[in-house]
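Visitor: Contents are mmCIF, N, CA and C atoms and all ligand atoms; file name structure-v6.cif:
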```cif
data_entry
#
loop_
_atom_site.label_atom_id
_atom_site.label_comp_id
_atom_site.auth_asym_id
_atom_site.auth_seq_id
_atom_site.Cartn_x
_atom_site.Cartn_y
_atom_site.Cartn_z
N MET A 1 85.29 167.50 217.77
CA MET A 1 86.42 166.98 218.53
C MET A 1 87.22 168.15 219.10
N GLU A 2 87.10 168.38 220.39
CA GLU A 2 87.74 169.59 220.94
C GLU A 2 88.36 169.29 222.30
N ILE A 3 89.53 169.89 222.52
CA ILE A 3 90.19 169.78 223.82
C ILE A 3 90.51 171.21 224.24
N LYS A 4 90.08 171.55 225.44
CA LYS A 4 90.26 172.94 225.85
C LYS A 4 90.75 172.97 227.30
N TYR A 5 91.78 173.74 227.56
CA TYR A 5 92.29 173.85 228.92
C TYR A 5 91.56 175.00 229.62
N ILE A 6 91.10 174.71 230.82
CA ILE A 6 90.26 175.67 231.55
C ILE A 6 90.98 176.10 232.81
N GLU A 7 91.00 177.38 233.05
CA GLU A 7 91.56 177.87 234.31
C GLU A 7 90.40 178.25 235.21
N ALA A 8 90.36 177.66 236.39
CA ALA A 8 89.29 177.99 237.33
C ALA A 8 89.46 179.44 237.79
N THR A 9 88.36 180.08 238.08
CA THR A 9 88.43 181.41 238.69
C THR A 9 88.94 181.21 240.12
N THR A 10 89.93 182.00 240.50
CA THR A 10 90.54 181.79 241.82
C THR A 10 90.51 183.07 242.65
N LYS A 11 90.08 182.91 243.87
CA LYS A 11 90.15 183.99 244.87
C LYS A 11 91.24 183.60 245.85
N SER A 12 92.07 184.56 246.22
CA SER A 12 93.18 184.24 247.12
C SER A 12 93.25 185.22 248.27
N GLY A 13 93.68 184.71 249.39
CA GLY A 13 93.97 185.55 250.54
C GLY A 13 95.38 185.27 250.99
N LEU A 14 95.71 185.71 252.19
CA LEU A 14 97.07 185.55 252.69
C LEU A 14 97.43 184.08 252.84
N ARG A 15 96.51 183.29 253.34
CA ARG A 15 96.79 181.86 253.58
C ARG A 15 95.74 180.95 252.95
N TRP A 16 95.16 181.36 251.84
CA TRP A 16 94.16 180.49 251.22
C TRP A 16 93.98 180.81 249.74
N ASN A 17 93.54 179.80 249.02
CA ASN A 17 93.07 179.95 247.64
C ASN A 17 91.71 179.29 247.57
N LEU A 18 90.83 179.83 246.78
CA LEU A 18 89.52 179.22 246.55
C LEU A 18 89.26 179.29 245.05
N SER A 19 89.08 178.13 244.43
CA SER A 19 88.88 178.11 242.98
C SER A 19 87.53 177.49 242.66
N PHE A 20 86.90 177.98 241.59
CA PHE A 20 85.59 177.41 241.22
C PHE A 20 85.37 177.47 239.72
N ILE A 21 84.58 176.51 239.26
CA ILE A 21 84.09 176.55 237.89
C ILE A 21 82.59 176.27 237.94
N GLU A 22 81.85 176.81 236.98
CA GLU A 22 80.40 176.72 237.03
C GLU A 22 79.82 176.11 235.77
N SER A 23 78.71 175.42 235.95
CA SER A 23 77.94 174.85 234.85
C SER A 23 77.60 175.95 233.85
N ASN A 24 77.78 175.68 232.57
CA ASN A 24 77.49 176.63 231.49
C ASN A 24 78.27 177.94 231.58
N ASN A 25 79.33 177.92 232.35
CA ASN A 25 80.23 179.06 232.36
C ASN A 25 81.59 178.51 231.91
N GLN A 26 82.51 178.23 232.83
CA GLN A 26 83.75 177.58 232.38
C GLN A 26 83.49 176.14 231.94
N ILE A 27 82.46 175.49 232.53
CA ILE A 27 82.08 174.16 232.06
C ILE A 27 81.00 174.33 230.99
N PRO A 28 81.32 173.96 229.73
CA PRO A 28 80.39 174.31 228.64
C PRO A 28 79.24 173.33 228.45
N PHE A 29 78.61 172.88 229.53
CA PHE A 29 77.43 172.02 229.44
C PHE A 29 76.74 171.99 230.80
N ASP A 30 75.51 171.42 230.82
CA ASP A 30 74.80 171.18 232.08
C ASP A 30 75.41 169.96 232.75
N ILE A 31 75.73 170.05 234.01
CA ILE A 31 76.36 168.92 234.71
C ILE A 31 75.30 167.86 235.05
N LYS A 32 75.54 166.61 234.59
CA LYS A 32 74.60 165.52 234.90
C LYS A 32 75.22 164.50 235.85
N ARG A 33 76.57 164.47 235.92
CA ARG A 33 77.23 163.42 236.71
C ARG A 33 78.60 163.89 237.15
N VAL A 34 78.97 163.48 238.36
CA VAL A 34 80.33 163.71 238.86
C VAL A 34 80.86 162.36 239.32
N TYR A 35 82.05 161.97 238.89
CA TYR A 35 82.66 160.75 239.43
C TYR A 35 84.13 161.00 239.68
N TYR A 36 84.72 160.14 240.49
CA TYR A 36 86.13 160.34 240.79
C TYR A 36 86.83 159.00 240.92
N ILE A 37 88.08 159.02 240.56
CA ILE A 37 88.89 157.81 240.48
C ILE A 37 90.03 157.99 241.48
N TYR A 38 90.23 157.00 242.32
CA TYR A 38 91.22 157.16 243.40
C TYR A 38 91.73 155.80 243.83
N ASP A 39 92.64 155.78 244.77
CA ASP A 39 93.33 154.54 245.20
C ASP A 39 94.01 153.87 244.01
N LEU A 40 94.72 154.67 243.25
CA LEU A 40 95.37 154.20 242.03
C LEU A 40 96.81 153.80 242.34
N PHE A 41 96.99 152.59 242.80
CA PHE A 41 98.34 152.20 243.18
C PHE A 41 99.05 151.43 242.06
N ASP A 42 98.38 151.31 240.91
CA ASP A 42 98.99 150.64 239.76
C ASP A 42 99.49 151.69 238.77
N ASP A 43 100.43 152.53 239.21
CA ASP A 43 100.79 153.71 238.43
C ASP A 43 101.48 153.40 237.10
N TRP A 44 101.92 152.17 236.92
CA TRP A 44 102.55 151.79 235.66
C TRP A 44 101.49 151.51 234.59
N MET A 45 100.25 151.43 235.00
CA MET A 45 99.21 151.02 234.05
C MET A 45 98.72 152.18 233.19
N GLN A 46 98.15 151.79 232.07
CA GLN A 46 97.48 152.76 231.23
C GLN A 46 95.99 152.48 231.43
N ARG A 47 95.22 153.45 231.83
CA ARG A 47 93.81 153.20 232.12
C ARG A 47 92.90 154.09 231.30
N TRP A 48 91.66 153.68 231.23
CA TRP A 48 90.59 154.46 230.62
C TRP A 48 90.84 154.78 229.16
N ASN A 49 91.19 153.72 228.42
CA ASN A 49 91.30 153.86 226.96
C ASN A 49 89.91 153.84 226.35
N HIS A 50 89.40 154.97 225.99
CA HIS A 50 88.11 154.99 225.31
C HIS A 50 87.78 156.40 224.81
N ALA A 51 86.72 156.47 224.00
CA ALA A 51 86.16 157.77 223.60
C ALA A 51 84.66 157.66 223.85
N HIS A 52 83.95 158.77 223.75
CA HIS A 52 82.51 158.77 224.00
C HIS A 52 81.75 159.25 222.77
N HIS A 53 80.65 158.57 222.49
CA HIS A 53 79.78 159.01 221.39
C HIS A 53 79.13 160.34 221.73
N ASN A 54 78.65 160.46 222.95
CA ASN A 54 77.91 161.70 223.24
C ASN A 54 78.08 162.24 224.66
N THR A 55 79.22 162.00 225.27
CA THR A 55 79.45 162.56 226.61
C THR A 55 80.62 163.53 226.56
N LYS A 56 80.37 164.75 227.04
CA LYS A 56 81.45 165.73 227.18
C LYS A 56 81.91 165.68 228.62
N GLN A 57 83.18 165.91 228.84
CA GLN A 57 83.70 165.79 230.21
C GLN A 57 84.69 166.90 230.53
N VAL A 58 84.76 167.24 231.80
CA VAL A 58 85.81 168.13 232.30
C VAL A 58 86.54 167.37 233.39
N LEU A 59 87.87 167.30 233.28
CA LEU A 59 88.67 166.50 234.20
C LEU A 59 89.60 167.39 235.02
N PHE A 60 89.84 166.94 236.22
CA PHE A 60 90.66 167.73 237.13
C PHE A 60 91.28 166.81 238.17
N CYS A 61 92.54 167.01 238.44
CA CYS A 61 93.19 166.19 239.45
C CYS A 61 93.15 166.96 240.76
N ILE A 62 92.31 166.51 241.66
CA ILE A 62 92.06 167.29 242.88
C ILE A 62 93.20 167.14 243.87
N ASN A 63 93.97 166.08 243.74
CA ASN A 63 95.10 165.85 244.64
C ASN A 63 96.21 165.15 243.87
N TRP A 64 97.43 165.58 244.02
CA TRP A 64 98.57 165.03 243.30
C TRP A 64 98.38 165.15 241.80
N LYS A 65 98.91 164.20 241.04
CA LYS A 65 98.83 164.42 239.59
C LYS A 65 98.76 163.13 238.78
N VAL A 66 98.37 163.33 237.54
CA VAL A 66 98.23 162.22 236.59
C VAL A 66 98.50 162.78 235.20
N LYS A 67 99.03 161.92 234.33
CA LYS A 67 99.26 162.35 232.96
C LYS A 67 98.09 161.88 232.11
N ILE A 68 97.54 162.76 231.31
CA ILE A 68 96.41 162.39 230.46
C ILE A 68 96.79 162.61 229.01
N TRP A 69 96.39 161.64 228.18
CA TRP A 69 96.73 161.66 226.75
C TRP A 69 95.44 161.75 225.94
N PHE A 70 95.46 162.58 224.90
CA PHE A 70 94.30 162.75 224.03
C PHE A 70 94.70 162.42 222.62
N ASP A 71 93.90 161.63 221.98
CA ASP A 71 94.18 161.24 220.60
C ASP A 71 92.99 161.69 219.75
N THR A 72 93.24 162.63 218.87
CA THR A 72 92.21 163.03 217.90
C THR A 72 92.66 162.39 216.59
N TRP A 73 92.12 162.80 215.49
CA TRP A 73 92.45 162.10 214.26
C TRP A 73 93.94 162.15 213.93
N ASN A 74 94.52 163.36 214.04
CA ASN A 74 95.88 163.49 213.51
C ASN A 74 96.94 163.87 214.54
N GLU A 75 96.56 163.93 215.81
CA GLU A 75 97.61 164.22 216.78
C GLU A 75 97.31 163.63 218.15
N ILE A 76 98.41 163.42 218.89
CA ILE A 76 98.27 162.96 220.27
C ILE A 76 98.81 164.07 221.16
N GLN A 77 98.01 164.50 222.11
CA GLN A 77 98.45 165.54 223.05
C GLN A 77 98.60 164.94 224.42
N GLU A 78 99.60 165.42 225.14
CA GLU A 78 99.86 164.93 226.49
C GLU A 78 99.70 166.12 227.44
N PHE A 79 99.06 165.89 228.57
CA PHE A 79 98.86 167.00 229.51
C PHE A 79 98.97 166.48 230.93
N ILE A 80 99.68 167.20 231.78
CA ILE A 80 99.76 166.78 233.18
C ILE A 80 98.71 167.54 233.97
N LEU A 81 97.77 166.78 234.52
CA LEU A 81 96.75 167.39 235.39
C LEU A 81 97.35 167.39 236.78
N GLY A 82 97.55 168.53 237.36
CA GLY A 82 98.20 168.53 238.65
C GLY A 82 98.22 169.88 239.34
N LYS A 83 97.90 170.93 238.63
CA LYS A 83 97.88 172.23 239.28
C LYS A 83 96.46 172.48 239.73
N ALA A 84 96.32 172.95 240.92
CA ALA A 84 95.01 172.97 241.58
C ALA A 84 93.91 173.69 240.80
N ASN A 85 94.24 174.65 239.96
CA ASN A 85 93.15 175.35 239.27
C ASN A 85 93.13 175.09 237.76
N LYS A 86 93.81 174.04 237.31
CA LYS A 86 93.84 173.72 235.87
C LYS A 86 92.94 172.52 235.59
N TRP A 87 91.99 172.72 234.70
CA TRP A 87 91.06 171.67 234.30
C TRP A 87 91.20 171.46 232.80
N VAL A 88 90.68 170.35 232.34
CA VAL A 88 90.68 170.18 230.89
C VAL A 88 89.30 169.68 230.45
N TYR A 89 88.82 170.28 229.36
CA TYR A 89 87.53 169.92 228.78
C TYR A 89 87.78 169.04 227.55
N ILE A 90 87.07 167.91 227.44
CA ILE A 90 87.12 167.14 226.20
C ILE A 90 85.71 166.92 225.67
N SER A 91 85.58 167.17 224.39
CA SER A 91 84.27 167.01 223.74
C SER A 91 84.07 165.54 223.38
N LEU A 92 83.08 165.27 222.58
CA LEU A 92 82.82 163.92 222.08
C LEU A 92 83.99 163.46 221.21
N MET A 93 84.13 162.17 221.06
CA MET A 93 85.04 161.58 220.07
C MET A 93 86.51 161.97 220.26
N VAL A 94 86.94 162.07 221.50
CA VAL A 94 88.37 162.23 221.78
C VAL A 94 88.81 160.96 222.51
N TRP A 95 89.69 160.21 221.90
CA TRP A 95 90.22 159.01 222.54
C TRP A 95 91.13 159.47 223.66
N HIS A 96 90.95 158.95 224.88
CA HIS A 96 91.79 159.42 225.99
C HIS A 96 92.21 158.27 226.90
N TYR A 97 93.33 158.45 227.52
CA TYR A 97 93.81 157.48 228.50
C TYR A 97 94.76 158.18 229.46
N MET A 98 94.99 157.56 230.60
CA MET A 98 95.82 158.16 231.64
C MET A 98 96.98 157.24 231.98
N THR A 99 98.11 157.85 232.31
CA THR A 99 99.27 157.10 232.78
C THR A 99 99.89 157.88 233.95
N ASP A 100 100.92 157.33 234.55
CA ASP A 100 101.74 158.04 235.55
C ASP A 100 100.91 158.59 236.71
N PHE A 101 100.03 157.76 237.23
CA PHE A 101 99.23 158.20 238.38
C PHE A 101 100.13 158.35 239.60
N SER A 102 100.02 159.45 240.31
CA SER A 102 100.68 159.54 241.61
C SER A 102 99.84 158.72 242.58
N PRO A 103 100.48 158.01 243.49
CA PRO A 103 99.67 157.38 244.54
C PRO A 103 98.96 158.53 245.26
N TRP A 104 97.80 158.36 245.69
CA TRP A 104 96.98 159.38 246.36
C TRP A 104 96.39 160.39 245.39
N CYS A 105 96.58 160.17 244.10
CA CYS A 105 95.95 161.08 243.15
C CYS A 105 94.43 160.85 243.18
N ILE A 106 93.68 161.92 243.12
CA ILE A 106 92.22 161.81 243.02
C ILE A 106 91.80 162.56 241.75
N LEU A 107 91.30 161.81 240.80
CA LEU A 107 90.91 162.40 239.52
C LEU A 107 89.40 162.61 239.51
N LEU A 108 88.99 163.86 239.41
CA LEU A 108 87.57 164.21 239.44
C LEU A 108 87.09 164.47 238.02
N VAL A 109 85.95 163.89 237.67
CA VAL A 109 85.42 164.08 236.31
C VAL A 109 83.98 164.58 236.40
N ILE A 110 83.70 165.62 235.63
CA ILE A 110 82.36 166.19 235.56
C ILE A 110 81.84 165.88 234.16
N ALA A 111 80.67 165.28 234.07
CA ALA A 111 80.20 164.79 232.78
C ALA A 111 78.85 165.39 232.39
N SER A 112 78.62 165.44 231.07
CA SER A 112 77.39 166.04 230.54
C SER A 112 76.23 165.04 230.49
N GLU A 113 76.53 163.74 230.73
CA GLU A 113 75.49 162.71 230.65
C GLU A 113 75.61 161.77 231.84
N VAL A 114 74.52 161.11 232.18
CA VAL A 114 74.60 160.06 233.19
C VAL A 114 75.30 158.85 232.56
N TYR A 115 75.73 157.90 233.38
CA TYR A 115 76.49 156.75 232.87
C TYR A 115 75.62 155.89 231.96
N ASN A 116 76.17 155.57 230.80
CA ASN A 116 75.49 154.67 229.87
C ASN A 116 76.56 153.98 229.04
N GLU A 117 76.66 152.69 229.18
CA GLU A 117 77.71 151.94 228.49
C GLU A 117 77.64 152.14 226.96
N ASN A 118 76.44 152.41 226.44
CA ASN A 118 76.31 152.62 224.99
C ASN A 118 77.02 153.88 224.49
N ASN A 119 77.38 154.76 225.41
CA ASN A 119 78.09 155.98 225.02
C ASN A 119 79.58 155.75 224.82
N TYR A 120 80.05 154.55 225.15
CA TYR A 120 81.49 154.30 225.09
C TYR A 120 81.92 153.70 223.76
N ILE A 121 83.08 154.12 223.28
CA ILE A 121 83.74 153.44 222.17
C ILE A 121 85.01 152.86 222.79
N ARG A 122 85.09 151.56 222.86
CA ARG A 122 86.20 150.95 223.59
C ARG A 122 87.23 150.29 222.67
N GLU A 123 86.89 150.18 221.40
CA GLU A 123 87.83 149.59 220.43
C GLU A 123 88.50 150.71 219.66
N TYR A 124 89.81 150.77 219.75
CA TYR A 124 90.53 151.85 219.06
C TYR A 124 90.28 151.83 217.55
N ALA A 125 90.22 150.65 216.96
CA ALA A 125 89.99 150.54 215.52
C ALA A 125 88.62 151.13 215.14
N SER A 126 87.59 150.89 215.99
CA SER A 126 86.26 151.45 215.71
C SER A 126 86.30 152.97 215.80
N PHE A 127 87.02 153.47 216.78
CA PHE A 127 87.17 154.93 216.93
C PHE A 127 87.77 155.54 215.67
N ARG A 128 88.86 154.95 215.18
CA ARG A 128 89.54 155.46 213.98
C ARG A 128 88.58 155.44 212.77
N LYS A 129 87.79 154.38 212.69
CA LYS A 129 86.86 154.28 211.55
C LYS A 129 85.80 155.38 211.63
N LEU A 130 85.29 155.60 212.86
CA LEU A 130 84.21 156.57 213.04
C LEU A 130 84.62 158.00 212.75
N ILE A 131 85.89 158.34 213.03
CA ILE A 131 86.30 159.75 212.85
C ILE A 131 86.94 160.01 211.50
N LYS A 132 87.08 158.98 210.69
CA LYS A 132 87.74 159.14 209.37
C LYS A 132 86.99 160.10 208.48
P1 LIG B 1 85.01 152.36 233.20
O1 LIG B 1 84.82 153.78 232.82
O2 LIG B 1 84.42 151.34 232.31
O3 LIG B 1 86.57 152.09 233.40
P2 LIG B 1 87.53 151.32 232.36
O4 LIG B 1 87.53 152.13 231.08
O5 LIG B 1 88.87 151.30 233.04
O6 LIG B 1 86.92 149.95 232.20
O7 LIG B 1 84.39 152.13 234.64
C1 LIG B 1 84.63 150.98 235.44
C2 LIG B 1 83.32 150.45 235.99
O8 LIG B 1 82.59 151.46 236.67
C3 LIG B 1 82.40 149.88 234.93
O9 LIG B 1 81.80 148.72 235.44
C4 LIG B 1 81.33 150.92 234.76
C5 LIG B 1 81.26 151.58 236.12
N1 LIG B 1 80.89 153.02 236.07
C6 LIG B 1 79.62 153.40 236.50
O10 LIG B 1 78.77 152.55 236.91
N2 LIG B 1 79.29 154.73 236.50
C7 LIG B 1 80.16 155.69 236.05
O11 LIG B 1 79.83 156.89 236.07
C8 LIG B 1 81.47 155.27 235.57
C9 LIG B 1 82.45 156.28 235.05
C10 LIG B 1 81.78 153.93 235.60
#
```
Write the structure described by the file as C-alpha cells, please.
Guide:
Amino acid sequence: MEIKYIEATTKSGLRWNLSFIESNNQIPFDIKRVYYIYDLFDDWMQRWNHAHHNTKQVLFCINWKVKIWFDTWNEIQEFILGKANKWVYISLMVWHYMTDFSPWCILLVIASEVYNENNYIREYASFRKLIK
C-alpha cells in the first residue's frame, strides 16, 4: 500500500514549459492503459470510491484541479492535483475518491493493467476486511 508524489522532469524556456514522465522511470510500472475523466460538472459529488486488487495507477490533473483522497488502513490523506508537473502514484489496495472537481478539469490516469472489473474492490467494508 503506497502513495508517492511524483514530480515530472521539466524543461523550461522563456515562454514555455515541457514536462514528462516515463514508463519504468518516474512511473514505476509498464504502462498498459491511459484513460481520462472530463466534463465533470457535478463538482459536489464524490466519485470513484474504490481500490484495486492488482492495478497500480499514476494520476494527474492535466487541466484545472481536483481534490483526491487516499485511505489506507490507518490514515486518510488529501491531495490537490492541480500543478502542471505534479503527479501521484498509488499502488494496489489504496481506497481513493475524488471531490471538488473544477469544471473543465481533465483527470488523466496511467494504469499498469488493462480494464478488468474483477480488479475493483467497490465495497468499503470488503476493502477494510482485506487489508486488516
Ligand atoms: P468506473 O471506474 O467504474 O467509474 P465509477 O467508479 O464512478 O463507477 O468507470 C465507469 C465506466 O467506465 C464503467 O462502466 C467501466 C468503464 N471503464 C472502462 O470500460 N474502461 C476503463 O478503463 C475504465 C476506467 C472504466
Visitor: In the coordinate frame of the file, compute which residues have an atom within 6.5 Å of (89.1, 173.0, 241.8) when using all atoms listed in the file, and state them as a list in words.
Guide: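 The requested residues, written out, are Ser19, Phe20, Ile21, Ala84 and Asn85 of chain A.
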Visitor: With a distance cut-off of 6 Å and all atoms listed in the file, select the neighbouring residues of Glu113 in chain A, excluding the residue or stretch itself and same-chain residues fewer than 5 positions from it, and output the selection as a PyMOL selection string.
Guide: chain A and resi 32-33+55-56
Visitor: Distance limit 7 Å, reference ligand LIG 1 (chain B), atoms considered: only C-alpha atoms and all ligand atoms. Which residues make the cut? Give them as a ChimeraX atom specification.
Guide: /A:35,47-50,114-115
Visitor: Using only C-alpha atoms, which of the listed residues (A:Phe101, A:Phe127, A:Trp64, A:Trp16) sits closest to Gly82 in chain A?
Guide: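 Among the listed residues, the smallest separation from Gly82 in chain A belongs to A:Trp64.
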Visitor: If you count only N, CA and C atoms, which residues fall within 8 Å of Glu78 in chain A, apart from same-chain ones fewer than 2 positions away, as an MDAnalysis selection string?
Guide: chainID A and resid 67:71 75:76 80:81
Visitor: Taking all atoms listed in the file into account, name the residue in A:Tyr124, A:Lys86, A:His96, A:Phe60 that is nearest to Leu108 in chain A.
Guide: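 Of A:Tyr124, A:Lys86, A:His96, A:Phe60, the one nearest Leu108 in chain A, counting all atoms listed in the file, is A:Phe60.
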Visitor: Rounded to one decimal place, report the atom C of Pro103 in chain A-atom N of Tyr38 in chain A distance in Å.
Guide: 9.3 Å
Visitor: When distances are computed from only N, CA and C atoms, which of A:Val88, A:Ala51, A:Val66, A:Met98 shows the smallest separation from Arg122 in chain A?
Guide: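 When distances to Arg122 in chain A are compared using only N, CA and C atoms, the smallest one comes from A:Ala51.
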Visitor: Where does DSSP see strand (DSSP E or B) in range 83-119 of chain A, if you list the residues as a ChimeraX atom specification?
Guide: /A:86-90,95-99,106-111
Visitor: Go through chain A and collect every residue that DSSP, computed from the backbone, puts in alpha helix (DSSP H); the answer should be as number ranges by chain.
Guide: A: 124-131
